Each structure stands twice: as C-alpha cells, then as structure tokens.
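A short write-up of the structure that comes next.
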Amino acid sequence: MKFGVLQFPGSCDEVDALEAARRVGDAELIWHAERDLGGADAIVVPGGFSYGDYLRAGAIARFSPAMESVIAFARDGGLVLGICNGFQVLCEAHLLPGALLPNANLRFTFRQLELEVLYGGGPFTKACALGERLSIPAKHAWGRYYADSDTLAVMDRSGQIVLRYAPGQNFNGSLHDIAGVCNEAGNVFGMMPHPEHAVDELIGGSADGLKIFESMRLTIEGAVV
Amino acid sequence: MRPPVQRRERAGGERVRARVLIRPKAGILDPQGEAVERALPALGFAGVGNVHVGRLIELDVEDPEQLQPMCEKLLANPLVEDYEIELLDGSA
C-alpha cells in the first residue's frame, strides 16, 4: 500500500511521518500545491506550523490545492490521518468535528504521554486492543480539544472518541481528555500526540506509534481482499 | 510635515474600510483573558474583571456583502469564536 504525506510551507514532521509510514508500506511526499495525490491509498496530514499558523492553526492550509483533493478523497471514504497541526487542519476543513484551541497553560509543551485506546479495532486502531495504553509524545501549543456538549455526546455514543489522555496526562485542557477523534464514518482520524515520533524504541523510547500506521495498513490491505 | 499615508486604494473600484472584531465565544475557557485579568491587579490596577482577548482584522473591501462569508469561511471559526463586522465611515 502507499501513503501520501502532505507537505505545507511550515510543516516540520513530514519526514518523520514519511519514515514511519515506510516501516509498514510505501510512502511519498505530496507538496501542498499539487492536486494529484499520486494514487495514494491513505493520506497523512503531518505536524508543524503550516503557513506559519497565521490567523488560527490550520486555517489557511485547509484551502491549499492538495487539501481540496484530500477533502474529496475523504468524502469518498479514503483513509486520512491528521497529526497535531494535521489534526487542526482536518478540523478547520470540517472533516472532523470540533476545534483545537490554545493550551490551557498557554505554553508550548513537549512531553511523553500515556494514551488510552477507547475504540480498538477501528480503521486506525486495528492493531490496538480496547483499553490498551500507548506511550506517544506530544508537542504543541494549540491542542485543547473543544466541541460543544451536544456534539461531544453524539461522538461519545458513536465511538468517535478514539484516544484519550490517561488520568493525569491531559496537560492542554482538552474536554473529556480527548487526544484523538474520528469522523462519523470512521475514515478520518486526527490526534494531537505524534505517533510518527514513537516508531523506534532506540530513539523514541517507545514504538507504540507504529500501531497507528500498522492499523492503517491492515485496514487498506484488508479492504483489498 | 506630511500627513500619514491613507491605506485606502482607489484602483479597481471604490473600497470601504472594514473592521472585524473576533472574540472567544462565551463559556469557552479563555486562558489569555484569564492571564491578563490576573496580571492587572499585580500591577496595581484594581477592580478589573471579565477580561477577554480576541483579534482585530482591518481590511478594505469593494463589496462589504462579502465580509460575512469571509468571516464564516476564514477570518473566524464560528464554532469557537463570535465576530462583529464594523464598516468605517467611507467618506474620509
């Protein structure tokens, strides 16, 4: 299978995302000005500071030519993973519910976190068990997940809250300790922590992030059979 | 001394100066506002409350009717922010 990893001016985690994806399949970068997704089976919108985070994080990247194609790809059921700034872009593009606001502590924060998988077996968590804990780092200033209470209730009922910060780990003030959510159809997923930075125990102290990429591979290859 | 340069442009049709005020929706945690509210008494300014921090966007537009869709689509995130459009007197 092939991953396409978007690259905006101001992206900074696209190479790690590319390398992480290459551990489970083929992967190539897609420059933001391209409309052609190069036949990718799944898209990763990586972390960074697309367009300088001007106005609001993700607000301008959402209108790039590549994102227009990604929106169409997602509406056709294609798998799309947004990480950190990528998650912000997917929310701004209305592919995911809610919004990401400045951290409650107003600081850029980097730390290794424990996450809980609330929805195992989904397209992005096929390689995880329900309730499993993943050790994955987060590094951001705008990670406070917000959605209104009606939306949160619907998301909770329909299994859209996929990842949660483990007790005591919610440093950014996200509602319901939300770390990662998917859309109603389940094919678009965004998370603030960085699975691509946790793919090798030697340098990341954990390879748990690989499970997200491996889950995507299982979903794509399972769909082919 | 020369007066400050007017930012209004004449080319391509008459433009109107507009101001868009964007503020966090009521009820959503506003840590910036809270930080400023805490800082003021520390500087000796007593009796201040309900501080909120938003954004101001100033722009010249040919068609003021477009301001609302601009706000909905890009300038504000209506999910978490309220916005207010103000047209400045175009006679200047």
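Quick note on naming: the chains in the structure tokens go A, B, ... in the order shown, residues restart at 1 in each chain, and ligands are numbered from 1 in order of appearance.
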> chain B residues within 8 Å of chain A, counting only C-alpha atoms: which ones, as a PyMOL selection string?
Replying inline: chain B and resi 29-32+74-75+77+79-80
Just write the chosen residues, C-alpha atoms, as an mmCIF file, in the first residue's frame.
```
data_model
loop_
_atom_site.group_PDB
_atom_site.id
_atom_site.type_symbol
_atom_site.label_atom_id
_atom_site.label_comp_id
_atom_site.auth_asym_id
_atom_site.auth_seq_id
_atom_site.Cartn_x
_atom_site.Cartn_y
_atom_site.Cartn_z
ATOM 1 C CA LEU B 29 -12.241 28.792 28.503
ATOM 2 C CA ASP B 30 -10.178 31.871 27.592
ATOM 3 C CA PRO B 31 -6.783 31.364 29.236
ATOM 4 C CA GLN B 32 -5.346 34.528 27.640
ATOM 5 C CA LEU B 74 -11.723 32.046 7.001
ATOM 6 C CA LEU B 75 -11.439 35.039 9.315
ATOM 7 C CA ASN B 77 -14.009 29.906 13.356
ATOM 8 C CA LEU B 79 -17.578 27.076 16.221
ATOM 9 C CA VAL B 80 -15.487 28.763 18.897
#
```
> What's the 12 Å shell around His52 in chain B, counting only C-alpha atoms, without same-chain residues fewer than 4 positions away, as an MDAnalysis selection string?
Replying inline: chainID B and resid 22:38 48 81
>> Neighbouring residues of Arg23 in chain A were defined as those with any atom within 10 Å, considering only C-alpha atoms; residues of the same chain fewer than 4 positions away were excluded. Please report them as a list in words.
In response: Leu18, Glu19, Ala27, Val199, Leu210, Phe213 and Glu214 of chain A
Export of prior selection with N, CA and C atoms as a CSV table (one decimal), in the first residue's frame:
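Result written to out24.csv:
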```csv
chain,number,residue,atom,x,y,z
A,18,LEU,N,6.8,10.3,7.0
A,18,LEU,CA,7.2,9.5,5.8
A,18,LEU,C,8.0,8.3,6.2
A,19,GLU,N,8.9,8.4,7.1
A,19,GLU,CA,9.7,7.3,7.6
A,19,GLU,C,8.9,6.3,8.4
A,27,ALA,N,5.7,5.1,0.8
A,27,ALA,CA,5.2,6.4,1.1
A,27,ALA,C,5.9,7.5,0.3
A,199,VAL,N,8.3,5.4,16.8
A,199,VAL,CA,8.2,4.2,16.0
A,199,VAL,C,9.5,3.3,16.2
A,210,LEU,N,3.8,3.2,16.0
A,210,LEU,CA,3.8,2.4,14.8
A,210,LEU,C,2.4,1.7,14.6
A,213,PHE,N,0.1,3.4,12.3
A,213,PHE,CA,0.4,3.2,10.8
A,213,PHE,C,0.1,1.8,10.4
A,214,GLU,N,0.4,0.8,11.3
A,214,GLU,CA,0.2,-0.6,11.0
A,214,GLU,C,-1.4,-0.8,10.9
```
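In terms of minimum interatomic distance to Ala20 in chain A, A:His197 ranks closest within A:Arg217, A:Arg133, A:His197, A:Arg107, counting only C-alpha atoms.
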>> Please return, as an MDAnalysis selection string, all residues of range 11-76 of chain B that DSSP assigns to strand (DSSP E) on the basis of the backbone.
In response: chainID B and resid 16:24 55:61
Go ahead and save the residues from that selection, with N, CA and C atoms, as a PDB file, in the first residue's frame.
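Final output, out25.pdb:
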```pdb
ATOM      1  N   VAL B  16     -14.231  50.065   0.778  1.00  0.00           N
ATOM      2  CA  VAL B  16     -14.699  50.521   2.086  1.00  0.00           C
ATOM      3  C   VAL B  16     -13.790  49.914   3.144  1.00  0.00           C
ATOM      4  N   ARG B  17     -13.435  50.728   4.110  1.00  0.00           N
ATOM      5  CA  ARG B  17     -12.622  50.245   5.228  1.00  0.00           C
ATOM      6  C   ARG B  17     -13.529  49.477   6.182  1.00  0.00           C
ATOM      7  N   ALA B  18     -13.104  48.282   6.555  1.00  0.00           N
ATOM      8  CA  ALA B  18     -13.910  47.491   7.483  1.00  0.00           C
ATOM      9  C   ALA B  18     -13.033  46.964   8.603  1.00  0.00           C
ATOM     10  N   ARG B  19     -13.694  46.667   9.689  1.00  0.00           N
ATOM     11  CA  ARG B  19     -13.010  46.175  10.872  1.00  0.00           C
ATOM     12  C   ARG B  19     -13.786  44.944  11.338  1.00  0.00           C
ATOM     13  N   VAL B  20     -13.082  43.857  11.537  1.00  0.00           N
ATOM     14  CA  VAL B  20     -13.732  42.645  12.045  1.00  0.00           C
ATOM     15  C   VAL B  20     -13.172  42.354  13.426  1.00  0.00           C
ATOM     16  N   LEU B  21     -14.063  42.316  14.386  1.00  0.00           N
ATOM     17  CA  LEU B  21     -13.664  42.002  15.765  1.00  0.00           C
ATOM     18  C   LEU B  21     -14.012  40.552  16.035  1.00  0.00           C
ATOM     19  N   ILE B  22     -13.033  39.803  16.515  1.00  0.00           N
ATOM     20  CA  ILE B  22     -13.242  38.376  16.762  1.00  0.00           C
ATOM     21  C   ILE B  22     -12.938  38.103  18.225  1.00  0.00           C
ATOM     22  N   ARG B  23     -13.878  37.440  18.876  1.00  0.00           N
ATOM     23  CA  ARG B  23     -13.645  37.152  20.298  1.00  0.00           C
ATOM     24  C   ARG B  23     -14.057  35.720  20.611  1.00  0.00           C
ATOM     25  N   PRO B  24     -13.448  35.139  21.661  1.00  0.00           N
ATOM     26  CA  PRO B  24     -13.834  33.766  22.025  1.00  0.00           C
ATOM     27  C   PRO B  24     -15.300  33.737  22.440  1.00  0.00           C
ATOM     28  N   ARG B  55      -9.210  39.144  18.530  1.00  0.00           N
ATOM     29  CA  ARG B  55      -8.365  39.618  17.433  1.00  0.00           C
ATOM     30  C   ARG B  55      -9.085  40.725  16.685  1.00  0.00           C
ATOM     31  N   LEU B  56      -8.311  41.593  16.069  1.00  0.00           N
ATOM     32  CA  LEU B  56      -8.868  42.646  15.239  1.00  0.00           C
ATOM     33  C   LEU B  56      -8.300  42.494  13.839  1.00  0.00           C
ATOM     34  N   ILE B  57      -9.162  42.438  12.842  1.00  0.00           N
ATOM     35  CA  ILE B  57      -8.703  42.375  11.459  1.00  0.00           C
ATOM     36  C   ILE B  57      -9.260  43.602  10.737  1.00  0.00           C
ATOM     37  N   GLU B  58      -8.382  44.374  10.134  1.00  0.00           N
ATOM     38  CA  GLU B  58      -8.827  45.540   9.376  1.00  0.00           C
ATOM     39  C   GLU B  58      -8.595  45.275   7.906  1.00  0.00           C
ATOM     40  N   LEU B  59      -9.524  45.645   7.078  1.00  0.00           N
ATOM     41  CA  LEU B  59      -9.363  45.396   5.643  1.00  0.00           C
ATOM     42  C   LEU B  59     -10.197  46.375   4.816  1.00  0.00           C
ATOM     43  N   ASP B  60      -9.750  46.568   3.574  1.00  0.00           N
ATOM     44  CA  ASP B  60     -10.511  47.376   2.620  1.00  0.00           C
ATOM     45  C   ASP B  60     -11.203  46.418   1.670  1.00  0.00           C
ATOM     46  N   VAL B  61     -12.483  46.606   1.458  1.00  0.00           N
ATOM     47  CA  VAL B  61     -13.213  45.701   0.565  1.00  0.00           C
ATOM     48  C   VAL B  61     -14.061  46.488  -0.426  1.00  0.00           C
TER      49      VAL B  61
END
```
> What separation in Å, quoted to one decimal, exists between CA of Phe45 in chain B and CA of Asp82 in chain B?
Replying inline: 27.9 Å
Write out as a PDB file with N, CA and C atoms, in the first residue's frame the residues lying within 12 Å of Gly222 in chain A, counting only C-alpha atoms and excluding same-chain residues fewer than 4 positions away.
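Saved the output as selection07.pdb:
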```
ATOM      1  N   MET A   1       0.840  -1.195   0.000  1.00  0.00           N
ATOM      2  CA  MET A   1       0.000   0.000   0.000  1.00  0.00           C
ATOM      3  C   MET A   1       0.875   1.246   0.000  1.00  0.00           C
ATOM      4  N   PRO A 123     -10.464   1.599  12.010  1.00  0.00           N
ATOM      5  CA  PRO A 123      -9.512   1.690  10.898  1.00  0.00           C
ATOM      6  C   PRO A 123      -8.116   2.177  11.313  1.00  0.00           C
ATOM      7  N   LYS A 126      -6.799  -0.833  14.536  1.00  0.00           N
ATOM      8  CA  LYS A 126      -6.933  -2.284  14.336  1.00  0.00           C
ATOM      9  C   LYS A 126      -5.848  -3.068  15.057  1.00  0.00           C
ATOM     10  N   GLU A 214       0.404   0.829  11.316  1.00  0.00           N
ATOM     11  CA  GLU A 214       0.151  -0.588  11.041  1.00  0.00           C
ATOM     12  C   GLU A 214      -1.369  -0.834  10.928  1.00  0.00           C
ATOM     13  N   SER A 215      -2.138  -0.170  11.762  1.00  0.00           N
ATOM     14  CA  SER A 215      -3.597  -0.314  11.687  1.00  0.00           C
ATOM     15  C   SER A 215      -4.108   0.147  10.329  1.00  0.00           C
ATOM     16  N   MET A 216      -3.552   1.256   9.850  1.00  0.00           N
ATOM     17  CA  MET A 216      -3.975   1.786   8.545  1.00  0.00           C
ATOM     18  C   MET A 216      -3.634   0.778   7.448  1.00  0.00           C
ATOM     19  N   ARG A 217      -2.448   0.189   7.554  1.00  0.00           N
ATOM     20  CA  ARG A 217      -2.059  -0.807   6.544  1.00  0.00           C
ATOM     21  C   ARG A 217      -3.036  -1.996   6.574  1.00  0.00           C
ATOM     22  N   LEU A 218      -3.356  -2.459   7.782  1.00  0.00           N
ATOM     23  CA  LEU A 218      -4.276  -3.593   7.904  1.00  0.00           C
ATOM     24  C   LEU A 218      -5.642  -3.242   7.312  1.00  0.00           C
TER      25      LEU A 218
END
```
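Across the structure, CA of Val89 in chain A and CA of Arg157 in chain A are spaced 24.4 Å apart.
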>> Quick check for you: according to DSSP on this backbone, which residues of range 7-202 of chain A are classed as alpha helix (DSSP H)? Reply as a PyMOL selection string.
In response: chain A and resi 14-22+65-75+85-92+149-157+201-202
Selection export as a compact mmCIF listing (two decimals), in the first residue's frame, atoms kept: C-alpha atoms:
```
# COMPACT_ATOMS: atom_id res chain seq x y z
CA GLU A 14 6.57 15.29 7.34
CA VAL A 15 9.88 13.41 7.12
CA ASP A 16 9.27 11.51 10.35
CA ALA A 17 5.75 10.72 9.11
CA LEU A 18 7.20 9.52 5.82
CA GLU A 19 9.74 7.31 7.59
CA ALA A 20 7.09 5.93 9.95
CA ALA A 21 4.81 5.11 7.02
CA ARG A 22 7.72 3.44 5.20
CA PRO A 65 -4.89 22.66 -3.57
CA ALA A 66 -3.67 19.38 -2.03
CA MET A 67 -6.22 19.72 0.79
CA GLU A 68 -9.03 20.18 -1.72
CA SER A 69 -8.08 16.80 -3.15
CA VAL A 70 -7.78 15.32 0.34
CA ILE A 71 -11.28 16.57 1.21
CA ALA A 72 -12.67 14.84 -1.90
CA PHE A 73 -10.62 11.72 -1.10
CA ALA A 74 -12.00 11.65 2.45
CA ARG A 75 -15.59 12.17 1.25
CA ASN A 85 -1.14 20.53 13.01
CA GLY A 86 -2.68 17.98 10.62
CA PHE A 87 -5.47 17.40 13.16
CA GLN A 88 -6.01 21.18 13.32
CA VAL A 89 -6.16 21.31 9.50
CA LEU A 90 -8.75 18.49 9.38
CA CYS A 91 -10.93 20.28 11.95
CA GLU A 92 -10.67 23.56 10.02
CA SER A 149 -21.71 19.37 24.54
CA ASP A 150 -24.28 18.06 22.03
CA THR A 151 -21.52 17.17 19.57
CA LEU A 152 -19.48 15.50 22.32
CA ALA A 153 -22.49 13.42 23.36
CA VAL A 154 -23.00 12.20 19.77
CA MET A 155 -19.28 11.49 19.38
CA ASP A 156 -19.22 9.55 22.61
CA ARG A 157 -22.20 7.42 21.59
CA GLU A 201 12.43 2.14 20.93
CA LEU A 202 16.04 3.10 20.37
```
> Which residue out of A:Glu114, A:Asp76, A:Asp13, A:Glu34 has the minimum interatomic distance to Phe171 in chain A when only C-alpha atoms are used?
Replying inline: A:Glu114
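In this model, the gap between CA of Val188 in chain A and CA of Gly52 in chain A comes to 24.0 Å.
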>> as a list in words, please: the residues near Cys12 in chain A (cut-off 8 Å, only C-alpha atoms, same-chain neighbours under 3 positions excluded).
In response: Val15, Pro46, Gly47, Gly48 and Phe49 of chain A
If you keep C-alpha atoms, can you produce a file of those selected residues as a PDB file, in the first residue's frame?
```
ATOM      1  CA  VAL A  15       9.884  13.409   7.122  1.00  0.00           C
ATOM      2  CA  PRO A  46       1.602  15.903   9.276  1.00  0.00           C
ATOM      3  CA  GLY A  47       2.537  18.200  12.134  1.00  0.00           C
ATOM      4  CA  GLY A  48       4.256  21.544  12.031  1.00  0.00           C
ATOM      5  CA  PHE A  49       3.218  25.143  11.578  1.00  0.00           C
TER       6      PHE A  49
END
```
